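As structure tokens, the structure follows; a few thoughts come after it.
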Amino acid sequence: MALPKGDQYNEAVQNPQISFSDADLKSSEVESDFMGLPKPYSGGFTVTFKLQNARNSWAVRCIIRDISGLKERYQAITDFFSGITSDYFIDAKFLQNGIRVNGAFYPVIKMKWMEGEPLNIYLSNHYMSKDKVQVILNDFSKMVEELERLGIAHGDLQQGNIIVRNGKLCLIDYDGMYLPALKGLSSNELGHPNFQHPGRSAKDFNEKIDRFSAIVIYLSLKAILYKPSLWSKYHNSENLILRSKDISDLASSPVMTDLNAIPEMKPLVERFVGVCHLDFSRIPSLKEFIDGSFVYDKTKVGKIAVKGSQYEVLDGARMASILEHFGERVEVVGYISAYRESKTFNGKPYYFLNFGRYPKQTFTITVWSDGIASLTAAGLSPSSLVNKWVSVVGVITSYSGKPQTVADQASQIQILQNEQEARDRLQLKKAASVPPSRPTSNIPPKGYDKEQKVFEELYKNHPVHNAHPSKPAPKSTPLSTPTQIYNTPNQYSKPSPSYTSGSSKSNNGCIIPIVFAIIGAIIVGGATDGKFWFIGAIVGGIIGGWISSAFR
């Protein structure tokens with residue numbers, strides 16, 4: 001079955017009474033962003049929207065990728081949790097004819113909306129509080145024990161799927177969940193690589209698939225408890241403190257070196273290195289890991305092959321490719337060449353960080369007041385990111401037919417060292433030779449008319465800040481531009497010192513024809529006693545115009 005794209009769901013949820021078949025959802029309103037448009041959240045196979053009425057709030061997961069046996073999986077989840085009581089899970093229901101898009105019905109997953117913060121956001125706000133970290137560590141251990149006791153597994157145990165509410169944990173996103181009733185199936189996802197054992201494969205689908213993830217999270221929480229500064233040193237939006245890159249080369253990993261320097265952590269670090277070298281089927285439970293009651297080779301060393309980014313890595317110059325991922329969480333790599341700064345209608349500051357110069361930008365990182373505060377806390381300002389290669393992870397939305405993402409946390413943006421690192425992220429062996437394709441044509445214009453109007457109003461009468469507000473570089477010093485990798489000079493060439501429309505060349509375009517017209521009038525007029533001066537002026541103007549255009 002061909003499924004709608006994220007932007008099509010985005011338009012449909014704007015009219016709940018028409019689009020939904022469920023009575024709760026029909027009487028609800030969708031959560032809107034600053035521009036008054038539906039705010040999408042991302043899941044592995046879905047784009048999620050929050051809908052709310054006077055009584056309750058729901059997460060509506062709209063499916064954008066075909067999942068094998070999705071209905072059967074969620075039916076098993078519904079049946080299983082109807083027979084148990086647990087504080088770590090929320091109700092989930094599969095609706096076969098859940099949402100109408102372009103006249104046809106498609107399935108959705110309806111879940112109670114869990115108010116709270118993802119684990120990493122909670123820790124970003126409280127990592128300096130040992131008491132609060134200890135509470136989370138204790139509850140996490142209890143949650144893992146309950147999963148083991150029930151003989152089930154989440155399938156993608158990681159920070160974004162663990163919500164903290166009033167100091168208590170809750171799991172969301174059950175697409176990859178293992179239950180006894182699903183025994184014999186294969187995994188439909190392999191989870192976030194920063195939390196997964198390198199040896200996990202699709203055939204591994206049983207009650208043990210969360211064990212390595214649990215060890216990674218426990219080890220990270222324990223480390224933060226002993227040394228909170230590790231959080232600010234190693235956390236980015238896609239990890240706690242450990243990354244798959246650290247697992248790939250444990251001997252050279254800076255974070256592993258720092259962990260090993262904490263006396264209380266040394267035994268756990270040694271065990272963790274041993275676990276990383278074990279076959280996936282031999283990974284111990286969290287309790288066995290903490291007790292050290294499992295067998296591993298203490299002498300085994302060497303690099304380990306790991307997966308790359310969990311998300312698809314996209315070229316920030318290829319606008320059409322990014323738009324195809326509307327509603328999905330992706331990583332975009334590109335060069336920030338200019339920014340716009342102003343205030344919202346209620347007086348809060350915001351920044352637009354553009355890959356390319358407005359209005360020809362190919363991608364925009366939007367930083368509202370929360371993002372500015374997060375960058376400030378990290379010792380950065382949005383404008384300090386200009387003239388830098390960056391990688392940004394976020395959910396793709398759009399305005400005026402152009403892609404954007406919102407950066408609420410400084411950790412979503414990673415500053416890359418240079419163009420070569422950008423190439424490496426994009427896995428390019430040589431400079432791209434194909435220019436960005438045109439924006440996708442299947443984006444419904446109706447859903448974006450309102451958005452375009454809002455952004456045009458935001459941009460109106462606001463100055464553009466250039467990447468180079470100082471004097472231009474001397475002609476003898478070539479500018480290093482990102483066009484080597486993107487081959488899109490009009491979109492990515494470094495901007496000139498100002499965007500003002502007047503320039504010496506444009507003035508010459510008018511002055512030269514006028515001067516030649518005057519000369520022609522004098523010459524022809526003098527030769528004909530002033531009778532045909534206008535013919536000389538016309539001919540002179542034409543000649544001057546030709547000369548002017550030839551030298552532009």
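By order of appearance in the structure tokens: chains A, B, ..., then residues from 1 within every chain, and ligands from 1 in the order shown.
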
Selection: 7 Å around A:Gly520, only C-alpha atoms, excl. self and same-chain fewer than 4 positions, as a ChimeraX atom specification
/A:516,524,536-537,539-540

Please save N, CA and C atoms of the selected residues as a JSON list (two decimals), in the first residue's frame.
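As a result, out.json now contains:
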```
[["chain", "number", "residue", "atom", "x", "y", "z"],
["A", 516, "PHE", "N", 27.56, 58.16, -24.21],
["A", 516, "PHE", "CA", 27.68, 57.96, -25.65],
["A", 516, "PHE", "C", 26.54, 58.64, -26.40],
["A", 524, "VAL", "N", 26.79, 64.39, -34.48],
["A", 524, "VAL", "CA", 25.84, 64.43, -35.59],
["A", 524, "VAL", "C", 25.17, 65.80, -35.68],
["A", 536, "GLY", "N", 21.90, 61.11, -33.76],
["A", 536, "GLY", "CA", 23.21, 60.85, -33.15],
["A", 536, "GLY", "C", 23.06, 60.35, -31.72],
["A", 537, "ALA", "N", 22.09, 60.92, -31.00],
["A", 537, "ALA", "CA", 21.87, 60.51, -29.61],
["A", 537, "ALA", "C", 21.41, 59.05, -29.53],
["A", 539, "VAL", "N", 21.85, 56.62, -31.87],
["A", 539, "VAL", "CA", 22.95, 55.72, -32.27],
["A", 539, "VAL", "C", 24.00, 55.63, -31.17],
["A", 540, "GLY", "N", 24.34, 56.79, -30.59],
["A", 540, "GLY", "CA", 25.33, 56.79, -29.51],
["A", 540, "GLY", "C", 24.87, 55.99, -28.30]]
```

I'd like a table as CSV: residues in stretch 24-71 of chain A with an atom no more than 7 Å from stretch 326-348 of chain A, each row giving the shortest atom pair and its distance in Å to one decimal, only C-alpha atoms counted, sorted by chain and rising residue number.
```
residue,atom,partner,partner_atom,distance
A:Pro40,CA,A:Gly327,CA,5.9
A:Tyr41,CA,A:Gly327,CA,6.8
A:Ser42,CA,A:Glu328,CA,5.3
A:Val47,CA,A:Gly327,CA,5.3
```

Can you write just those residues out, all heavy atoms, as a PDB file, in the first residue's frame?
```
ATOM      1  N   PRO A  40       4.914  18.776  13.897  1.00  0.00           N
ATOM      2  CA  PRO A  40       5.196  17.340  13.755  1.00  0.00           C
ATOM      3  C   PRO A  40       6.293  16.877  14.712  1.00  0.00           C
ATOM      4  O   PRO A  40       7.244  17.595  14.997  1.00  0.00           O
ATOM      5  CB  PRO A  40       5.646  17.226  12.305  1.00  0.00           C
ATOM      6  CG  PRO A  40       6.301  18.543  12.021  1.00  0.00           C
ATOM      7  CD  PRO A  40       5.583  19.575  12.856  1.00  0.00           C
ATOM      8  N   TYR A  41       6.121  15.677  15.207  1.00  0.00           N
ATOM      9  CA  TYR A  41       7.169  14.979  15.960  1.00  0.00           C
ATOM     10  C   TYR A  41       7.543  13.757  15.140  1.00  0.00           C
ATOM     11  O   TYR A  41       6.730  13.236  14.383  1.00  0.00           O
ATOM     12  CB  TYR A  41       6.675  14.551  17.337  1.00  0.00           C
ATOM     13  CG  TYR A  41       6.268  15.695  18.237  1.00  0.00           C
ATOM     14  CD1 TYR A  41       5.004  16.261  18.150  1.00  0.00           C
ATOM     15  CD2 TYR A  41       7.148  16.197  19.193  1.00  0.00           C
ATOM     16  CE1 TYR A  41       4.624  17.310  18.974  1.00  0.00           C
ATOM     17  CE2 TYR A  41       6.776  17.242  20.027  1.00  0.00           C
ATOM     18  CZ  TYR A  41       5.516  17.798  19.922  1.00  0.00           C
ATOM     19  OH  TYR A  41       5.143  18.835  20.738  1.00  0.00           O
ATOM     20  N   SER A  42       8.747  13.286  15.331  1.00  0.00           N
ATOM     21  CA  SER A  42       9.207  12.179  14.496  1.00  0.00           C
ATOM     22  C   SER A  42       9.282  10.883  15.277  1.00  0.00           C
ATOM     23  O   SER A  42       9.652  10.858  16.449  1.00  0.00           O
ATOM     24  CB  SER A  42      10.587  12.495  13.930  1.00  0.00           C
ATOM     25  OG  SER A  42      11.064  11.434  13.144  1.00  0.00           O
ATOM     26  N   VAL A  47       5.243   9.997  11.413  1.00  0.00           N
ATOM     27  CA  VAL A  47       5.261  11.392  11.815  1.00  0.00           C
ATOM     28  C   VAL A  47       4.099  11.536  12.803  1.00  0.00           C
ATOM     29  O   VAL A  47       2.988  11.063  12.544  1.00  0.00           O
ATOM     30  CB  VAL A  47       5.112  12.355  10.614  1.00  0.00           C
ATOM     31  CG1 VAL A  47       3.885  12.042   9.773  1.00  0.00           C
ATOM     32  CG2 VAL A  47       5.079  13.800  11.090  1.00  0.00           C
TER      33      VAL A  47
END
```

Could you name the residues that touch stretch 245-251 of chain A at 10 Å or less, counting only C-alpha atoms, but leaving out those on the same chain fewer than 6 positions away, as a list of chain:residue names?
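With the cut-off at 10 Å, the set is A:Pro193, A:Asn194, A:Phe195, A:Gln196, A:His197, A:Pro198, A:Thr257, A:Phe272, A:Val273, A:Cys276, A:His277, A:Val301, A:Gly302, A:Lys303, A:Ile304, A:Ala305, A:Val306, A:Lys307, A:Gly308, A:Ser309.
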
Okay, now the selection with N, CA and C atoms, as a PDB file, in the first residue's frame?
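Final output, part.pdb:
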```pdb
ATOM      1  N   PRO A 193      21.910   3.614  16.888  1.00  0.00           N
ATOM      2  CA  PRO A 193      23.258   3.019  16.937  1.00  0.00           C
ATOM      3  C   PRO A 193      24.080   3.430  18.155  1.00  0.00           C
ATOM      4  N   ASN A 194      23.817   4.608  18.735  1.00  0.00           N
ATOM      5  CA  ASN A 194      24.565   5.011  19.928  1.00  0.00           C
ATOM      6  C   ASN A 194      24.183   4.200  21.163  1.00  0.00           C
ATOM      7  N   PHE A 195      23.109   3.407  21.045  1.00  0.00           N
ATOM      8  CA  PHE A 195      22.638   2.614  22.185  1.00  0.00           C
ATOM      9  C   PHE A 195      22.578   1.124  21.860  1.00  0.00           C
ATOM     10  N   GLN A 196      23.087   0.728  20.696  1.00  0.00           N
ATOM     11  CA  GLN A 196      22.947  -0.653  20.257  1.00  0.00           C
ATOM     12  C   GLN A 196      24.286  -1.357  20.112  1.00  0.00           C
ATOM     13  N   HIS A 197      24.264  -2.644  20.399  1.00  0.00           N
ATOM     14  CA  HIS A 197      25.444  -3.477  20.199  1.00  0.00           C
ATOM     15  C   HIS A 197      25.715  -3.612  18.700  1.00  0.00           C
ATOM     16  N   PRO A 198      26.969  -3.512  18.278  1.00  0.00           N
ATOM     17  CA  PRO A 198      27.283  -3.580  16.839  1.00  0.00           C
ATOM     18  C   PRO A 198      26.847  -4.883  16.181  1.00  0.00           C
ATOM     19  N   THR A 257      38.424   6.872  28.303  1.00  0.00           N
ATOM     20  CA  THR A 257      39.578   7.253  29.121  1.00  0.00           C
ATOM     21  C   THR A 257      39.129   8.005  30.364  1.00  0.00           C
ATOM     22  N   PHE A 272      32.213  -3.335  30.503  1.00  0.00           N
ATOM     23  CA  PHE A 272      31.587  -2.797  29.294  1.00  0.00           C
ATOM     24  C   PHE A 272      32.429  -3.105  28.064  1.00  0.00           C
ATOM     25  N   VAL A 273      33.745  -2.953  28.172  1.00  0.00           N
ATOM     26  CA  VAL A 273      34.634  -3.299  27.058  1.00  0.00           C
ATOM     27  C   VAL A 273      34.454  -4.769  26.703  1.00  0.00           C
ATOM     28  N   CYS A 276      31.145  -5.315  24.801  1.00  0.00           N
ATOM     29  CA  CYS A 276      31.200  -4.827  23.410  1.00  0.00           C
ATOM     30  C   CYS A 276      31.814  -5.871  22.481  1.00  0.00           C
ATOM     31  N   HIS A 277      32.703  -6.711  23.016  1.00  0.00           N
ATOM     32  CA  HIS A 277      33.374  -7.730  22.199  1.00  0.00           C
ATOM     33  C   HIS A 277      32.644  -9.070  22.224  1.00  0.00           C
ATOM     34  N   VAL A 301      40.883  -7.083  22.436  1.00  0.00           N
ATOM     35  CA  VAL A 301      41.006  -5.672  22.073  1.00  0.00           C
ATOM     36  C   VAL A 301      40.824  -5.528  20.570  1.00  0.00           C
ATOM     37  N   GLY A 302      40.907  -4.297  20.098  1.00  0.00           N
ATOM     38  CA  GLY A 302      40.789  -4.047  18.661  1.00  0.00           C
ATOM     39  C   GLY A 302      39.544  -3.267  18.317  1.00  0.00           C
ATOM     40  N   LYS A 303      39.511  -2.796  17.080  1.00  0.00           N
ATOM     41  CA  LYS A 303      38.382  -1.992  16.632  1.00  0.00           C
ATOM     42  C   LYS A 303      37.178  -2.873  16.309  1.00  0.00           C
ATOM     43  N   ILE A 304      35.997  -2.237  16.391  1.00  0.00           N
ATOM     44  CA  ILE A 304      34.734  -2.938  16.163  1.00  0.00           C
ATOM     45  C   ILE A 304      33.964  -2.203  15.076  1.00  0.00           C
ATOM     46  N   ALA A 305      33.481  -2.938  14.105  1.00  0.00           N
ATOM     47  CA  ALA A 305      32.686  -2.317  13.037  1.00  0.00           C
ATOM     48  C   ALA A 305      31.324  -1.935  13.595  1.00  0.00           C
ATOM     49  N   VAL A 306      30.926  -0.664  13.395  1.00  0.00           N
ATOM     50  CA  VAL A 306      29.638  -0.165  13.900  1.00  0.00           C
ATOM     51  C   VAL A 306      28.868   0.506  12.778  1.00  0.00           C
ATOM     52  N   LYS A 307      27.577   0.721  13.029  1.00  0.00           N
ATOM     53  CA  LYS A 307      26.751   1.467  12.087  1.00  0.00           C
ATOM     54  C   LYS A 307      27.037   2.952  12.228  1.00  0.00           C
ATOM     55  N   GLY A 308      26.672   3.722  11.215  1.00  0.00           N
ATOM     56  CA  GLY A 308      26.844   5.164  11.256  1.00  0.00           C
ATOM     57  C   GLY A 308      25.671   5.850  11.930  1.00  0.00           C
ATOM     58  N   SER A 309      25.270   6.969  11.394  1.00  0.00           N
ATOM     59  CA  SER A 309      24.171   7.731  11.962  1.00  0.00           C
ATOM     60  C   SER A 309      22.877   6.929  11.912  1.00  0.00           C
TER      61      SER A 309
END
```

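Residues with any atom within 12 Å of A:Ala181, counting only C-alpha atoms and excluding same-chain neighbours fewer than 4 positions away, are Glu72, Arg73, Tyr74, Gln75, Ala76, Ile77, Thr78, Asp79, Phe80, Gly151, Ile152, Met177, Leu185, Phe205, Asn206 and Glu207 of chain A.
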
Run DSSP on the backbone of this structure and report the residues of stretch 90-216 of chain A it assigns to strand (DSSP E or B), as number ranges by chain.
A: 92-101, 104-112, 117-118, 153, 162-165, 168-171, 178

Hey, can you spit out that residue selection with N, CA, C and O atoms as a CSV table (one decimal), in the first residue's frame?
```csv
chain,number,residue,atom,x,y,z
A,92,ALA,N,-2.0,2.1,23.8
A,92,ALA,CA,-1.7,2.3,22.4
A,92,ALA,C,-2.8,1.5,21.6
A,92,ALA,O,-3.1,0.4,22.0
A,93,LYS,N,-3.3,2.1,20.6
A,93,LYS,CA,-4.4,1.5,19.8
A,93,LYS,C,-4.2,1.7,18.4
A,93,LYS,O,-3.9,2.8,17.9
A,94,PHE,N,-4.3,0.6,17.6
A,94,PHE,CA,-4.1,0.6,16.2
A,94,PHE,C,-5.5,0.9,15.5
A,94,PHE,O,-6.4,0.1,15.8
A,95,LEU,N,-5.6,2.0,14.7
A,95,LEU,CA,-6.8,2.3,14.0
A,95,LEU,C,-6.7,2.1,12.5
A,95,LEU,O,-5.9,2.8,11.9
A,96,GLN,N,-7.3,1.0,12.0
A,96,GLN,CA,-7.1,0.7,10.6
A,96,GLN,C,-7.5,1.8,9.7
A,96,GLN,O,-6.8,2.1,8.8
A,97,ASN,N,-8.7,2.3,9.9
A,97,ASN,CA,-9.1,3.5,9.1
A,97,ASN,C,-9.1,4.7,9.9
A,97,ASN,O,-10.1,5.3,10.3
A,98,GLY,N,-7.8,5.1,10.2
A,98,GLY,CA,-7.7,6.2,11.2
A,98,GLY,C,-7.8,7.6,10.6
A,98,GLY,O,-8.4,8.5,11.2
A,99,ILE,N,-7.2,7.8,9.5
A,99,ILE,CA,-7.1,9.2,8.9
A,99,ILE,C,-7.4,9.2,7.4
A,99,ILE,O,-6.9,8.3,6.7
A,100,ARG,N,-8.1,10.2,7.0
A,100,ARG,CA,-8.4,10.4,5.6
A,100,ARG,C,-7.5,11.4,5.0
A,100,ARG,O,-7.3,12.5,5.4
A,101,VAL,N,-6.8,10.9,3.9
A,101,VAL,CA,-5.9,11.8,3.2
A,101,VAL,C,-6.2,11.7,1.7
A,101,VAL,O,-6.2,10.6,1.1
A,104,ALA,N,-8.8,9.0,0.8
A,104,ALA,CA,-8.6,7.6,1.1
A,104,ALA,C,-8.2,7.5,2.6
A,104,ALA,O,-7.6,8.4,3.1
A,105,PHE,N,-8.6,6.4,3.3
A,105,PHE,CA,-8.3,6.2,4.7
A,105,PHE,C,-7.0,5.4,4.8
A,105,PHE,O,-6.7,4.5,4.0
A,106,TYR,N,-6.2,5.7,5.9
A,106,TYR,CA,-5.0,5.1,6.2
A,106,TYR,C,-4.9,4.8,7.7
A,106,TYR,O,-5.5,5.5,8.5
A,107,PRO,N,-4.1,3.8,8.1
A,107,PRO,CA,-4.1,3.5,9.5
A,107,PRO,C,-3.2,4.5,10.3
A,107,PRO,O,-2.3,5.1,9.8
A,108,VAL,N,-3.6,4.7,11.6
A,108,VAL,CA,-2.8,5.5,12.5
A,108,VAL,C,-2.7,4.7,13.8
A,108,VAL,O,-3.5,3.8,14.1
A,109,ILE,N,-1.8,5.1,14.7
A,109,ILE,CA,-1.7,4.6,16.0
A,109,ILE,C,-2.0,5.7,17.0
A,109,ILE,O,-1.4,6.8,16.9
A,110,LYS,N,-3.0,5.4,17.8
A,110,LYS,CA,-3.5,6.4,18.8
A,110,LYS,C,-3.0,6.0,20.2
A,110,LYS,O,-3.2,4.9,20.7
A,111,MET,N,-2.2,7.0,20.8
A,111,MET,CA,-1.7,6.7,22.1
A,111,MET,C,-2.0,7.9,23.0
A,111,MET,O,-2.2,9.0,22.6
A,112,LYS,N,-2.1,7.6,24.3
A,112,LYS,CA,-2.2,8.8,25.3
A,112,LYS,C,-1.0,9.6,25.2
A,112,LYS,O,0.2,9.0,25.1
A,117,GLU,N,9.4,15.2,29.7
A,117,GLU,CA,10.6,15.5,28.9
A,117,GLU,C,11.3,14.2,28.6
A,117,GLU,O,11.5,13.3,29.4
A,118,PRO,N,11.8,14.1,27.3
A,118,PRO,CA,12.7,13.0,27.0
A,118,PRO,C,13.9,12.9,28.0
A,118,PRO,O,14.3,14.0,28.5
A,153,ALA,N,10.6,-6.8,25.5
A,153,ALA,CA,11.7,-5.9,25.2
A,153,ALA,C,11.1,-4.7,24.4
A,153,ALA,O,10.2,-5.0,23.6
A,162,ILE,N,12.4,7.4,26.2
A,162,ILE,CA,12.2,7.4,27.7
A,162,ILE,C,11.8,8.8,28.1
A,162,ILE,O,12.5,9.7,28.0
A,163,ILE,N,10.5,8.9,28.6
A,163,ILE,CA,10.0,10.2,29.1
A,163,ILE,C,10.1,10.3,30.6
A,163,ILE,O,9.8,9.3,31.3
A,164,VAL,N,10.5,11.4,31.1
A,164,VAL,CA,10.6,11.7,32.5
A,164,VAL,C,9.4,12.6,32.9
A,164,VAL,O,9.3,13.7,32.4
A,165,ARG,N,8.6,12.1,33.8
A,165,ARG,CA,7.4,12.9,34.3
A,165,ARG,C,7.4,12.8,35.8
A,165,ARG,O,7.2,11.7,36.3
A,168,LYS,N,9.5,10.2,37.3
A,168,LYS,CA,9.3,8.8,37.0
A,168,LYS,C,9.4,8.6,35.5
A,168,LYS,O,9.2,9.5,34.7
A,169,LEU,N,9.8,7.4,35.1
A,169,LEU,CA,10.1,7.1,33.7
A,169,LEU,C,8.9,6.4,33.1
A,169,LEU,O,8.1,5.7,33.7
A,170,CYS,N,8.7,6.6,31.8
A,170,CYS,CA,7.7,6.0,31.0
A,170,CYS,C,8.3,5.8,29.6
A,170,CYS,O,9.0,6.6,29.0
A,171,LEU,N,7.9,4.6,29.0
A,171,LEU,CA,8.4,4.3,27.6
A,171,LEU,C,7.4,4.6,26.6
A,171,LEU,O,6.2,4.4,26.8
A,178,TYR,N,9.2,-6.4,21.4
A,178,TYR,CA,9.1,-7.8,21.4
A,178,TYR,C,8.1,-8.3,22.5
A,178,TYR,O,8.2,-7.8,23.6
```
